[in-house]
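Q: Quick one: structure below, then a few questions.
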Amino acid sequence: MSPENRPGAGNWHRHPLEHLTRHFATDLRSGLDAAQAARSLEAHGPNLLPEGKGRSLVRMVFDQFADFMILVLLAAALVSGIVGEATDTIAIVVIVLLNAALGVFQEYRAERAMAALRRMAAPTATVRREGRTRQLPTQHIVPGDLVLLEAGNVVPADLRLVEAARFATQEAALTGESHAVEKHAAAIDAEHLAIGDRRNMAFKGTLVAAGRGVGLVVATGMNTELGAIARLLADTATVKTPLQKRLARFGTRLALAVLAICALVFGAGLLRGEPPVLMFLTAVSLAVAAIPEALPAVVAIALALGAYRMVGHQVLIRRLPAVETLGSITVICSDKTGTLTENRMRAEAYAVAGESAPPAVLDPAWRALFECLALCNDAQMAAGGGASGEPTEAALLEAAANNGIDIAALRNRLPRLAELPFDSARMLMSTLHAEAGVVRVCVKGAPEALLALCSRWLGGAGEAVLDGAARRAVVAAADRMASQGKRVLAVAEARRAALPEPLDAAEADLTLIGLVGLIDPPRAEARAAVDECRAAGITPIMITGDHPATAAAIAQRLGIADSPAQVIGGSELAQLDDAGLAARVADLRVYARVDPAQKIRIVQALQRAGELVAMTGDGVNDAPALKRADIGVAMGRGGTDVAREASSMVLLDDNFASIVRAVREGRRIYDNIRKFIKYSMTGNAGELCAIFLAPFLGLPIPLLPTHILWINLVTDGLPGLMLTREREEGNVMRRPPRAPDESLFAGGMWQHIVGFGLLMGCVALLIQAWAVGNGSGHAQTMVFTVLTLSRLGLALAIRSGHQSIFAIGWLSNGWLLATVVVTALLQMATVYVPALNPLFKTEPLGAGELAICLGASAVVFVGVEIEKWLRRRRARRAAGES
């Protein structure tokens, strides 16, 4: 045998069993002996998925403090402690620790995903060795072993089947197929078969759905298809979310800019003759105030509140930044089975006597069809009204019941006498029933197989000869259903005087009744969800292990694809190199019959094209792509542990429509985080402007270190946090996703921060100049009050980027309004409570001075409202011109 024809990984299905027995030196009757098994175990190792090398908790925690912004904050905390601001030091340290705890959580994801893969493996298996049947731990199974399987077993290794009696496996978790796959033991002489097409193989981790079988172990542990997925999962890097990347860039740039400005302030003060100690404390306090150390906490709390809200929408967030990431995605790569579809077969098309839909009152032909579907069927009606059993048979039984057939009464009236079970060679199932002194034969199966056994057909006028024209019409109807992605079954019947001998003779000289087309239908709400995704600028893509025709049919019904050119199969995809895939990836909408490695390749191609990719899925085969995608979305009900552990979020109701609600929430949260940054940075810019410009204008230092830290304490944290509770903007789902590399300050945010920061600082300096010019001794107190109240007015004004606060309502965010009121009262307490005057170095203001402060504090609020009015007017003009 030439080397290329030797048995090996990927071609076990091609070889006759005698080649494999020689390859593994085993006997199909007795199996391996003890010595052979020991040698094979030593050569191939235990049948386990090895655990990846984990990182220690200490290292994980240490790595969280390597971020530049965190290091600057820790340095600021140290300096604050040195200058006696212990409260600020404690606040910064607590915030840093909270941020680190969130980061450590992410480090366990890969290890838990590997553990979930190991839990899928069956703990014991039935093996034939030395002619005896025994139970062995699955880790002791070796290549060459003979494994005995029956319904309900988990396949312990990759097997080439030796015997298969009505044997079927449920491979949905591995291939995406929604129905059990019939297996056989014959060799398949074909190269490059997808996993779902290797019908003489049973794969590790899949479930035996029906029948019994014997398999020869050809691969164990990491050499199995499940092991290949585990290797992909272990080798796939976790990608940082856009929010993490933006915050890292923002923190680094901000810290450097603030330190430079504080150095300038310190130098300018010294040149003006200010005391060095005072200027040092001022510069340090300004640095602490200007760096928004509350940002990590506000972001974390915003995401946590979003995650809490999402549970009510049937979405469980496993990694907090996933909420924001989902709001910025441009592509959703969705599995078909159970995600876009119901994961339940349903009879949806018929061809009986030239008709495609049953009448309200069944005529003889239609009644015969539904009676045969109920009789030639092993499924059972459940107490709740549905059917239980093999998915295809359950769908056929439900079709009969839904069309007026009393299943229990029919089966009692026509008891089953014998049956010819379905097998892949005949592609038929037949049952024989007692009916008024004769034997009624009911047959269902593949149209091409059943049509060859029929001599007559049942039409509206009764039985007629099945001539050439009638046969061609039946074939055309079957082809039409198949082209629509349906699984097509033909149904026939016959009546015999007695039970035939042999029983196989029953399947001859049959009367064709008609055809039934079955499909796993789309979820009722999936089409609307797909449409809303498109309206939000998100491209839905289907990636499935199912047949291309089935995938294309579902995709067309959902509006995902409208042309065959947008559909590609796994075999064709395998022929494309990376450049070829890159050239087509923008146009493809459906990927069918793909394997796990191809799923990762698709995600990577989309990411290289600049897309931000979400991957939804429920099976083991989805796990590597879930991890590699920018965000992985697993199914909670029908999903596997492996998929859930590899994902960032879980859909508790397995409903694709829930993703749309998550997108809305993600966009809302990101908008609110931007509002907090705008609010915090504008206020900080106002303080910097006032302190930096005062010396050049011949004015004394307008704020003391205590004032700076107080403003930072009362106006940054709580008001900023309450901004994260703001409702979504009206156009949140009618605008395109953000570009993956979009700056946090896009959309005019930098201009707003600088412009209104200058306005706030200049207003404060004007108040100071007025007070100094009029001989008032309350200049610092007035500047202190104006800056504090100006920031609170800013918080109210920036609640919406476009709408006026008078339109959205003052009470629509009651928590923010209450926070603003309480903070304003606290500020008044620092001015008018005698016990606090020495602490804050303030003096009570007169009524006129307070009125001036209140009027000056409203300038920024009015300015932001005018800016929004101008923006709305420009938008209306642009809409009118278009």
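Here, A, B, ... name the chains of the structure tokens in the order displayed, residue numbers run from 1 inside each chain, and ligands are numbered from 1 in the same displayed order.
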Could you pull out the helix (DSSP H, G or I) residues of stretch 373-596 of chain A, going by DSSP on the backbone, and write them as a PDB file with C-alpha atoms, in the first residue's frame?
A:
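Contents of the output file part.pdb:
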ATOM      1  CA  LEU A 373     -47.403   9.168   8.468  1.00  0.00           C
ATOM      2  CA  ALA A 374     -48.974   8.265  11.816  1.00  0.00           C
ATOM      3  CA  LEU A 375     -48.742   4.489  11.412  1.00  0.00           C
ATOM      4  CA  PRO A 391     -37.036  14.679  15.202  1.00  0.00           C
ATOM      5  CA  THR A 392     -38.171  13.687  11.703  1.00  0.00           C
ATOM      6  CA  GLU A 393     -40.697  11.154  12.943  1.00  0.00           C
ATOM      7  CA  ALA A 394     -41.988  13.577  15.571  1.00  0.00           C
ATOM      8  CA  ALA A 395     -42.556  16.192  12.861  1.00  0.00           C
ATOM      9  CA  LEU A 396     -44.477  13.703  10.690  1.00  0.00           C
ATOM     10  CA  LEU A 397     -46.632  12.597  13.624  1.00  0.00           C
ATOM     11  CA  GLU A 398     -47.427  16.213  14.503  1.00  0.00           C
ATOM     12  CA  ALA A 399     -48.372  16.849  10.866  1.00  0.00           C
ATOM     13  CA  ALA A 400     -50.869  13.973  11.003  1.00  0.00           C
ATOM     14  CA  ALA A 401     -52.329  15.130  14.313  1.00  0.00           C
ATOM     15  CA  ASN A 402     -52.605  18.723  13.106  1.00  0.00           C
ATOM     16  CA  ILE A 407     -53.345   9.145  16.556  1.00  0.00           C
ATOM     17  CA  ALA A 408     -54.334   6.963  19.506  1.00  0.00           C
ATOM     18  CA  ALA A 409     -57.607   5.849  17.905  1.00  0.00           C
ATOM     19  CA  LEU A 410     -55.916   5.083  14.576  1.00  0.00           C
ATOM     20  CA  ARG A 411     -53.183   2.995  16.165  1.00  0.00           C
ATOM     21  CA  ASN A 412     -55.713   1.099  18.259  1.00  0.00           C
ATOM     22  CA  ARG A 413     -57.851   0.399  15.195  1.00  0.00           C
ATOM     23  CA  PRO A 447     -38.237   9.385  -3.121  1.00  0.00           C
ATOM     24  CA  GLU A 448     -35.766   7.756  -5.504  1.00  0.00           C
ATOM     25  CA  ALA A 449     -35.842   4.492  -3.543  1.00  0.00           C
ATOM     26  CA  LEU A 450     -39.590   4.374  -2.967  1.00  0.00           C
ATOM     27  CA  LEU A 451     -40.563   5.438  -6.487  1.00  0.00           C
ATOM     28  CA  GLY A 468     -43.519   7.764 -17.225  1.00  0.00           C
ATOM     29  CA  ALA A 469     -45.168  11.170 -17.201  1.00  0.00           C
ATOM     30  CA  ALA A 470     -46.443  10.695 -13.642  1.00  0.00           C
ATOM     31  CA  ARG A 471     -42.999   9.540 -12.485  1.00  0.00           C
ATOM     32  CA  ARG A 472     -41.352  12.595 -14.024  1.00  0.00           C
ATOM     33  CA  ALA A 473     -43.886  14.841 -12.298  1.00  0.00           C
ATOM     34  CA  VAL A 474     -43.137  13.226  -8.932  1.00  0.00           C
ATOM     35  CA  VAL A 475     -39.371  13.572  -9.457  1.00  0.00           C
ATOM     36  CA  ALA A 476     -39.798  17.236 -10.444  1.00  0.00           C
ATOM     37  CA  ALA A 477     -41.866  17.919  -7.316  1.00  0.00           C
ATOM     38  CA  ALA A 478     -39.251  16.205  -5.135  1.00  0.00           C
ATOM     39  CA  ASP A 479     -36.441  18.170  -6.781  1.00  0.00           C
ATOM     40  CA  ARG A 480     -38.362  21.406  -6.270  1.00  0.00           C
ATOM     41  CA  MET A 481     -38.738  20.725  -2.547  1.00  0.00           C
ATOM     42  CA  ALA A 482     -35.084  19.707  -2.210  1.00  0.00           C
ATOM     43  CA  SER A 483     -33.934  22.897  -3.969  1.00  0.00           C
ATOM     44  CA  LEU A 503     -41.348  -9.861   5.065  1.00  0.00           C
ATOM     45  CA  ASP A 504     -39.237  -7.911   2.536  1.00  0.00           C
ATOM     46  CA  ALA A 505     -41.816  -8.817  -0.105  1.00  0.00           C
ATOM     47  CA  ALA A 506     -44.125  -6.235   1.439  1.00  0.00           C
ATOM     48  CA  ALA A 526     -35.779  35.923  13.547  1.00  0.00           C
ATOM     49  CA  ARG A 527     -36.790  37.816  10.377  1.00  0.00           C
ATOM     50  CA  ALA A 528     -37.664  40.958  12.325  1.00  0.00           C
ATOM     51  CA  ALA A 529     -34.372  40.693  14.233  1.00  0.00           C
ATOM     52  CA  VAL A 530     -32.412  40.367  10.985  1.00  0.00           C
ATOM     53  CA  ASP A 531     -34.219  43.410   9.548  1.00  0.00           C
ATOM     54  CA  GLU A 532     -33.437  45.455  12.658  1.00  0.00           C
ATOM     55  CA  CYS A 533     -29.792  44.415  12.451  1.00  0.00           C
ATOM     56  CA  ARG A 534     -29.667  45.723   8.899  1.00  0.00           C
ATOM     57  CA  ALA A 535     -31.326  48.988   9.940  1.00  0.00           C
ATOM     58  CA  PRO A 548     -25.815  24.389   1.428  1.00  0.00           C
ATOM     59  CA  ALA A 549     -29.308  24.083  -0.057  1.00  0.00           C
ATOM     60  CA  THR A 550     -30.915  24.010   3.388  1.00  0.00           C
ATOM     61  CA  ALA A 551     -28.792  26.906   4.614  1.00  0.00           C
ATOM     62  CA  ALA A 552     -29.538  28.972   1.492  1.00  0.00           C
ATOM     63  CA  ALA A 553     -33.278  28.371   1.803  1.00  0.00           C
ATOM     64  CA  ILE A 554     -33.377  29.537   5.419  1.00  0.00           C
ATOM     65  CA  ALA A 555     -31.103  32.494   4.646  1.00  0.00           C
ATOM     66  CA  GLN A 556     -33.387  33.656   1.838  1.00  0.00           C
ATOM     67  CA  ARG A 557     -36.479  33.394   4.022  1.00  0.00           C
ATOM     68  CA  LEU A 558     -34.782  35.486   6.705  1.00  0.00           C
ATOM     69  CA  PRO A 564     -26.727  31.906  -4.828  1.00  0.00           C
ATOM     70  CA  ALA A 565     -23.482  33.849  -5.277  1.00  0.00           C
ATOM     71  CA  GLN A 566     -23.674  34.779  -1.593  1.00  0.00           C
ATOM     72  CA  GLY A 570     -17.031  24.120   3.006  1.00  0.00           C
ATOM     73  CA  SER A 571     -15.394  22.207   0.138  1.00  0.00           C
ATOM     74  CA  GLU A 572     -15.260  25.309  -2.057  1.00  0.00           C
ATOM     75  CA  LEU A 573     -14.036  27.355   0.885  1.00  0.00           C
ATOM     76  CA  ALA A 574     -11.207  24.886   1.431  1.00  0.00           C
ATOM     77  CA  GLN A 575     -10.017  25.545  -2.122  1.00  0.00           C
ATOM     78  CA  ASP A 578      -6.468  33.622   2.188  1.00  0.00           C
ATOM     79  CA  ALA A 579      -6.262  36.119  -0.672  1.00  0.00           C
ATOM     80  CA  GLY A 580      -9.183  34.460  -2.453  1.00  0.00           C
ATOM     81  CA  LEU A 581     -11.289  34.487   0.700  1.00  0.00           C
ATOM     82  CA  ALA A 582     -10.396  38.118   1.363  1.00  0.00           C
ATOM     83  CA  ALA A 583     -11.610  39.020  -2.143  1.00  0.00           C
ATOM     84  CA  ARG A 584     -15.012  37.400  -1.566  1.00  0.00           C
ATOM     85  CA  PRO A 596     -14.320  24.347  13.146  1.00  0.00           C
TER      86      PRO A 596
END
Q: Which residues are close to A:Val820, i.e. within 10 Å by only C-alpha atoms, leaving aside same-chain residues fewer than 6 positions away? Reply as a JSON list (two decimals) with C-alpha atoms, in the first residue's frame.
A:
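In the end it all went to out.json:
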[["chain", "number", "residue", "atom", "x", "y", "z"],
["A", 714, "VAL", "CA", -18.31, 65.53, 44.73],
["A", 715, "THR", "CA", -18.75, 66.26, 41.02],
["A", 718, "LEU", "CA", -21.82, 60.31, 41.72],
["A", 719, "PRO", "CA", -23.03, 62.66, 38.95],
["A", 722, "MET", "CA", -25.85, 58.74, 37.35],
["A", 789, "LEU", "CA", -22.16, 74.49, 40.22],
["A", 791, "ARG", "CA", -20.11, 71.22, 36.49],
["A", 792, "LEU", "CA", -23.50, 70.23, 37.88],
["A", 793, "GLY", "CA", -25.25, 72.29, 35.21],
["A", 795, "ALA", "CA", -24.17, 67.19, 33.88],
["A", 796, "LEU", "CA", -27.80, 68.11, 33.25],
["A", 814, "GLY", "CA", -34.48, 61.20, 38.54],
["A", 826, "LEU", "CA", -23.20, 70.00, 49.96]]
Q: Taking into account only C-alpha atoms, which residue in the set A:Val567, A:Ala382, A:Ala494, A:Leu159 is nearest to A:Glu225?
A: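 Closest to A:Glu225, using only C-alpha atoms: A:Leu159.
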Q: Can you pull out every residue within 12 Å of A:Asn672, counting only C-alpha atoms, but drop anything in the same chain fewer than 2 positions away, and send it as a ChimeraX atom specification?
A: /A:295,298-299,301-303,305-306,324,665-670,674-679,719-729,732,744,795,798-801
Q: Just to confirm, what's the straight-line distance from atom CA of A:Asp189 to atom CA of A:His13 in Å (one decimal)?
A: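 Between atom CA of A:Asp189 and atom CA of A:His13 the gap works out to 7.5 Å.
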Q: From the list A:Ala492, A:Val660, A:Val862, A:Leu693, which residue is nearest A:Gln314 when using only C-alpha atoms?
A: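 Using only C-alpha atoms, the shortest distance to A:Gln314 belongs to A:Val660.
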Q: Apply DSSP to the backbone of this structure and, from stretch 307-526 of chain A, keep only the residues in strand (DSSP E or B); write these as a PDB file with C-alpha atoms, in the first residue's frame.
A:
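Result went into out34.pdb, see below:
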ATOM      1  CA  VAL A 315     -29.187  37.800  28.005  1.00  0.00           C
ATOM      2  CA  LEU A 316     -26.571  36.774  30.552  1.00  0.00           C
ATOM      3  CA  ILE A 317     -23.326  38.748  30.387  1.00  0.00           C
ATOM      4  CA  VAL A 331     -21.086  41.654  11.610  1.00  0.00           C
ATOM      5  CA  ILE A 332     -22.983  38.881  13.403  1.00  0.00           C
ATOM      6  CA  CYS A 333     -21.884  35.404  12.369  1.00  0.00           C
ATOM      7  CA  SER A 334     -24.748  33.183  13.463  1.00  0.00           C
ATOM      8  CA  THR A 341     -34.255  28.231  13.427  1.00  0.00           C
ATOM      9  CA  ARG A 346     -41.652  20.507  10.714  1.00  0.00           C
ATOM     10  CA  ALA A 347     -43.597  19.191   7.718  1.00  0.00           C
ATOM     11  CA  GLU A 348     -43.999  22.237   5.555  1.00  0.00           C
ATOM     12  CA  ALA A 349     -44.599  21.112   1.964  1.00  0.00           C
ATOM     13  CA  TYR A 350     -46.702  18.403   0.347  1.00  0.00           C
ATOM     14  CA  ALA A 351     -47.416  16.957  -3.080  1.00  0.00           C
ATOM     15  CA  VAL A 352     -50.519  14.751  -3.123  1.00  0.00           C
ATOM     16  CA  GLU A 355     -52.160  19.429  -4.773  1.00  0.00           C
ATOM     17  CA  GLN A 380     -45.358   9.178  20.424  1.00  0.00           C
ATOM     18  CA  MET A 381     -47.750  12.017  21.190  1.00  0.00           C
ATOM     19  CA  ALA A 387     -44.689  14.644  19.746  1.00  0.00           C
ATOM     20  CA  SER A 388     -41.603  13.045  21.250  1.00  0.00           C
ATOM     21  CA  ARG A 416     -48.914  -2.986  14.108  1.00  0.00           C
ATOM     22  CA  LEU A 417     -48.186  -6.592  13.084  1.00  0.00           C
ATOM     23  CA  ALA A 418     -44.599  -6.258  11.878  1.00  0.00           C
ATOM     24  CA  GLU A 419     -42.070  -3.743  10.692  1.00  0.00           C
ATOM     25  CA  LEU A 420     -39.067  -3.320   8.460  1.00  0.00           C
ATOM     26  CA  PRO A 421     -36.892  -0.734  10.251  1.00  0.00           C
ATOM     27  CA  PHE A 422     -35.255   2.060   8.345  1.00  0.00           C
ATOM     28  CA  ASP A 423     -31.688   1.487   7.255  1.00  0.00           C
ATOM     29  CA  LEU A 428     -37.026   2.973   3.615  1.00  0.00           C
ATOM     30  CA  MET A 429     -39.130   2.160   6.671  1.00  0.00           C
ATOM     31  CA  SER A 430     -42.209  -0.045   6.459  1.00  0.00           C
ATOM     32  CA  THR A 431     -44.850  -1.081   8.971  1.00  0.00           C
ATOM     33  CA  LEU A 432     -47.621  -3.673   8.515  1.00  0.00           C
ATOM     34  CA  HIS A 433     -50.998  -3.293  10.214  1.00  0.00           C
ATOM     35  CA  ALA A 434     -54.168  -5.341  10.622  1.00  0.00           C
ATOM     36  CA  GLU A 435     -57.074  -3.646   8.824  1.00  0.00           C
ATOM     37  CA  VAL A 438     -56.266  -7.560   5.309  1.00  0.00           C
ATOM     38  CA  VAL A 439     -52.742  -6.317   6.007  1.00  0.00           C
ATOM     39  CA  ARG A 440     -52.116  -2.654   5.305  1.00  0.00           C
ATOM     40  CA  VAL A 441     -48.531  -1.808   4.409  1.00  0.00           C
ATOM     41  CA  CYS A 442     -47.331   1.744   5.063  1.00  0.00           C
ATOM     42  CA  VAL A 443     -43.959   2.788   3.644  1.00  0.00           C
ATOM     43  CA  LYS A 444     -41.954   6.012   3.821  1.00  0.00           C
ATOM     44  CA  GLY A 445     -38.456   6.812   2.589  1.00  0.00           C
ATOM     45  CA  CYS A 454     -44.355   1.807  -6.926  1.00  0.00           C
ATOM     46  CA  SER A 455     -46.529   0.719  -9.850  1.00  0.00           C
ATOM     47  CA  ARG A 456     -49.546   2.921  -9.157  1.00  0.00           C
ATOM     48  CA  TRP A 457     -50.285   6.289  -7.627  1.00  0.00           C
ATOM     49  CA  LEU A 458     -53.213   7.665  -5.703  1.00  0.00           C
ATOM     50  CA  GLY A 459     -54.879  10.631  -7.370  1.00  0.00           C
ATOM     51  CA  GLY A 462     -58.498   7.044  -7.164  1.00  0.00           C
ATOM     52  CA  GLU A 463     -55.632   4.738  -8.088  1.00  0.00           C
ATOM     53  CA  ALA A 464     -54.010   5.050 -11.512  1.00  0.00           C
ATOM     54  CA  VAL A 465     -51.016   3.538 -13.277  1.00  0.00           C
ATOM     55  CA  ARG A 487     -35.751  17.051   3.440  1.00  0.00           C
ATOM     56  CA  VAL A 488     -38.074  15.125   1.120  1.00  0.00           C
ATOM     57  CA  LEU A 489     -39.811  11.829   1.974  1.00  0.00           C
ATOM     58  CA  ALA A 490     -42.132   9.817  -0.244  1.00  0.00           C
ATOM     59  CA  VAL A 491     -45.085   7.897   1.229  1.00  0.00           C
ATOM     60  CA  ALA A 492     -46.728   4.793  -0.243  1.00  0.00           C
ATOM     61  CA  GLU A 493     -49.055   2.004   0.815  1.00  0.00           C
ATOM     62  CA  ALA A 494     -50.358  -1.406  -0.210  1.00  0.00           C
ATOM     63  CA  ARG A 495     -52.814  -3.994   1.024  1.00  0.00           C
ATOM     64  CA  ARG A 496     -52.009  -7.704   1.265  1.00  0.00           C
ATOM     65  CA  LEU A 510     -46.800  -0.214  -3.933  1.00  0.00           C
ATOM     66  CA  THR A 511     -49.199   2.670  -4.498  1.00  0.00           C
ATOM     67  CA  LEU A 512     -47.549   6.084  -4.216  1.00  0.00           C
ATOM     68  CA  ILE A 513     -49.568   8.503  -2.087  1.00  0.00           C
ATOM     69  CA  GLY A 514     -47.405  11.606  -2.192  1.00  0.00           C
ATOM     70  CA  LEU A 515     -44.415  13.588  -0.955  1.00  0.00           C
ATOM     71  CA  VAL A 516     -43.683  15.413   2.288  1.00  0.00           C
ATOM     72  CA  GLY A 517     -41.071  18.173   2.613  1.00  0.00           C
ATOM     73  CA  LEU A 518     -39.609  18.841   6.059  1.00  0.00           C
ATOM     74  CA  ILE A 519     -37.456  21.669   7.279  1.00  0.00           C
ATOM     75  CA  PRO A 522     -36.891  29.863  11.071  1.00  0.00           C
TER      76      PRO A 522
END
Q: With distances taken over only C-alpha atoms, which of A:Ala623, A:Ile329, A:Glu342, A:Gly485 is nearest to A:Glu611?
A: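 Looking at the shortest contact to A:Glu611, the residue is A:Ile329.
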Q: Atom CA of A:Ala283 and atom CA of A:Thr842, how far apart in Å?
A: 20.3 Å
Q: From the set A:Gly196, A:Leu28, A:Ile602, A:Ala172, which residue has the shortest atom-to-atom contact distance to A:Val147, counting only C-alpha atoms?
A: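 That would be A:Leu28, the residue with the smallest distance to A:Val147.
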Q: Please list as an NGL selection string every residue within 7 Å of A:Ala634, counting only C-alpha atoms and excluding residues in the same chain fewer than 3 positions away.
A: :A and (616-618 or 639 or 643-644 or 647 or 649-651)
Q: Measuring between only C-alpha atoms, which one of A:Arg198, A:Arg367, A:Arg593, A:Arg608 shows the shortest distance to A:Asp546?
A: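 So, comparing all the options, the nearest one is A:Arg593.
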Q: Taking into account only C-alpha atoms, which residue in the set A:Ala180, A:Leu48, A:Leu41, A:Thr124 is nearest to A:Val142?
A: A:Leu41
Q: Excluding same-chain residues fewer than 6 positions from stretch 849-853 of chain A, what lies within 8 Å of it counting only C-alpha atoms, as a PyMOL selection string?
A: chain A and resi 767+782+785-786
Q: Just to be explicit: take each residue in the selection above, keep N, CA, C and O atoms, and write the result as a CSV table (one decimal), in the first residue's frame.
A:
chain,number,residue,atom,x,y,z
A,767,ILE,N,-15.3,86.0,37.2
A,767,ILE,CA,-15.9,86.2,38.6
A,767,ILE,C,-14.8,86.6,39.5
A,767,ILE,O,-14.9,87.5,40.4
A,782,MET,N,-16.0,82.3,45.7
A,782,MET,CA,-16.9,82.5,44.6
A,782,MET,C,-16.4,81.6,43.4
A,782,MET,O,-17.2,81.0,42.7
A,785,THR,N,-17.3,78.1,44.2
A,785,THR,CA,-18.7,77.8,44.0
A,785,THR,C,-19.1,77.8,42.5
A,785,THR,O,-19.9,76.9,42.1
A,786,VAL,N,-18.6,78.7,41.7
A,786,VAL,CA,-19.0,78.8,40.3
A,786,VAL,C,-18.5,77.5,39.6
A,786,VAL,O,-19.3,76.9,38.8
Q: Provide the atom CA of A:Phe370 to atom CA of A:Gln170 distance in Å, to one decimal place.
A: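 Calculated distance between atom CA of A:Phe370 and atom CA of A:Gln170 is 26.9 Å.
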